[in-house]
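Asks: Please see the structure below; I have some questions.
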Amino acid sequence: MRIRRAMLEDMPTLAALHRHTLHMSLPFLPTLHTPDEDRAWFRDHLFPNNEVWVAEDEAGALLGYAARAQGWLNHIYVHPDHQGRGVGDALLAMAKGGIDTLQLWTFQENAHARRFYEKRGLVLAELTDGLRNEEKSPDARYVWTR
């Protein structure tokens with residue numbers, strides 16, 4: 001596996017990976033957007049406003065991605081078939097690189113992610129009712145400090 005900066009040509013594959021991972025790993029969330037809307041959001045918002053990294057295998061298949069901006073880990077998604085194999089660890093380590101504090105939101109119901117973050121030194125800072133997120137699902141803010 002290697003970690004590299006994402007390129008625009010990765011965007012359609014990352015949008016599909018994002019959708020598949022949400023569907024498989026977070027079945028409690030509503031489906032709010034179409035695949036076309038996902039691709040447009042990646043193109044128009046995620047890529048221009050974040051540092052995006054991908055994890056890929058030796059054949060170049062994308063295993064996961066992370067997006068960071070201004071001390072926030074805005075996205076970290078690992079394909080369900082590759083979870084538990086170090087992909088998330090590598091992406092999180094990349095996101096922590098060169099900064100002293102990193103924050104992120106995850107859904108309270110996402111126990112797998114919450115355990116992952118807590119085992120890697122992130123501390124629960126806030127729980128909300130979810131009314132401020134698009135999915136209207138209770139969420140949790142975590143903070144990591146070097």
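Going by the structure tokens order, chains are called A, B, ..., each with residues numbered from 1, while ligands are numbered from 1 in the order shown.
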Tell me, as a list of chain:residue names, which residues lie within 10 Å of stretch 28-39 of chain A, counting only C-alpha atoms; anything in the same chain fewer than 6 positions away does not count.

Replies: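 The residues that qualify are A:Met11, A:Pro12, A:Thr13, A:Leu14, A:Ala15, A:Ala16, A:His18, A:Arg19, A:Leu22, A:His45, A:Leu46, A:Phe107, A:Glu109, A:Asn110, A:Glu134, A:Glu135, A:Lys136, A:Ser137.
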
Asks: Among stretch 18-122 of chain A, which ones does DSSP place in strand (DSSP E), written as a list of chain:residue names?

Replies: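 Reading the DSSP output for stretch 18-122 of chain A, strand (DSSP E) covers A:Glu51, A:Val52, A:Trp53, A:Val54, A:Ala55, A:Glu56, A:Leu62, A:Leu63, A:Gly64, A:Tyr65, A:Ala66, A:Ala67, A:Arg68, A:Ala69, A:Trp72, A:Leu73, A:Asn74, A:His75, A:Ile76, A:Tyr77, A:Val78, A:Thr101, A:Leu102, A:Gln103, A:Leu104, A:Trp105, A:Thr106, A:Phe107.
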
Asks: Which residues of stretch 1-27 of chain A have any atom within 10 Å of an atom in stretch 88-97 of chain A when counting only C-alpha atoms, and what is the closest pair of atoms for each, with the distance in Å to one decimal? Order the rows by chain and rising number and write it as a Markdown table.

Replies:
| residue | atom | partner | partner_atom | distance |
| --- | --- | --- | --- | --- |
| A:Met1 | CA | A:Ala90 | CA | 9.2 |
| A:Arg2 | CA | A:Ala90 | CA | 8.7 |
| A:Ile3 | CA | A:Leu91 | CA | 7.3 |
| A:Arg4 | CA | A:Met94 | CA | 9.5 |

Asks: Write out as an MDAnalysis selection string each polymer residue whose atoms come within 8 Å of A:Val87, counting only C-alpha atoms; drop sequence neighbours fewer than 5 positions from it.

Replies: chainID A and resid 1 55 63:64 78 82

Asks: So that I can check the surroundings of A:Arg68, please list as a list in words every protein, DNA and RNA residue that reaches within 6 Å of it, counting only C-alpha atoms and ignoring chain neighbours fewer than 6 positions away.

Replies: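 Contacts, in chain order: Asn50, Glu51 and Asn74 of chain A.
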
Asks: Only all heavy atoms, please: the residues just picked out, written as a PDB file, in the first residue's frame.

Replies:
ATOM      1  N   ASN A  50      -9.665  21.123   0.156  1.00  0.00           N
ATOM      2  CA  ASN A  50      -9.006  20.185   1.065  1.00  0.00           C
ATOM      3  C   ASN A  50      -7.720  19.656   0.451  1.00  0.00           C
ATOM      4  O   ASN A  50      -7.578  19.631  -0.769  1.00  0.00           O
ATOM      5  CB  ASN A  50      -9.917  18.978   1.330  1.00  0.00           C
ATOM      6  CG  ASN A  50     -11.112  19.304   2.163  1.00  0.00           C
ATOM      7  OD1 ASN A  50     -11.080  19.199   3.381  1.00  0.00           O
ATOM      8  ND2 ASN A  50     -12.201  19.717   1.517  1.00  0.00           N
ATOM      9  N   GLU A  51      -6.829  19.205   1.333  1.00  0.00           N
ATOM     10  CA  GLU A  51      -5.722  18.356   0.911  1.00  0.00           C
ATOM     11  C   GLU A  51      -6.303  16.947   0.923  1.00  0.00           C
ATOM     12  O   GLU A  51      -6.816  16.505   1.953  1.00  0.00           O
ATOM     13  CB  GLU A  51      -4.565  18.422   1.903  1.00  0.00           C
ATOM     14  CG  GLU A  51      -3.946  19.779   2.073  1.00  0.00           C
ATOM     15  CD  GLU A  51      -2.973  19.795   3.243  1.00  0.00           C
ATOM     16  OE1 GLU A  51      -2.400  18.737   3.587  1.00  0.00           O
ATOM     17  OE2 GLU A  51      -2.803  20.872   3.818  1.00  0.00           O
ATOM     18  N   ASN A  74     -11.854  16.308   7.466  1.00  0.00           N
ATOM     19  CA  ASN A  74     -13.225  16.404   6.977  1.00  0.00           C
ATOM     20  C   ASN A  74     -13.763  15.076   6.466  1.00  0.00           C
ATOM     21  O   ASN A  74     -14.976  14.865   6.467  1.00  0.00           O
ATOM     22  CB  ASN A  74     -13.319  17.472   5.895  1.00  0.00           C
ATOM     23  CG  ASN A  74     -13.074  18.849   6.483  1.00  0.00           C
ATOM     24  OD1 ASN A  74     -13.567  19.173   7.550  1.00  0.00           O
ATOM     25  ND2 ASN A  74     -12.284  19.651   5.794  1.00  0.00           N
TER      26      ASN A  74
END

Asks: From the set A:Leu102, A:Asp44, A:Asp10, A:Pro80, which residue has the shortest atom-to-atom contact distance to A:Gly60, counting only C-alpha atoms?

Replies: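 For A:Gly60, the nearest of the given residues is A:Asp10.
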
Asks: Would you kindly return, as a count of residues only, each protein, DNA or RNA residue with an atom no farther than 12 Å from any atom of A:Arg120, considering only C-alpha atoms and excluding same-chain residues fewer than 2 positions away?

Replies: 20

Asks: So, with only C-alpha atoms as the atoms that count, which of A:Asp100, A:Asp81, A:Glu126, A:Asp139 lies closest to A:His20?

Replies: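 Of A:Asp100, A:Asp81, A:Glu126, A:Asp139, the one nearest A:His20, counting only C-alpha atoms, is A:Asp81.
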
Asks: Grab the atom CA of A:Glu58 to atom CA of A:Gly98 distance for me, in Å with one decimal place.

Replies: 26.2 Å

Asks: So which residues touch A:Asn49 within 12 Å, counting only C-alpha atoms, skipping near sequence neighbours fewer than 5 positions away, as JSON, numbers by chain?

Replies: {"A": [41, 42, 43, 44, 67, 68, 69, 70, 72, 73, 74]}
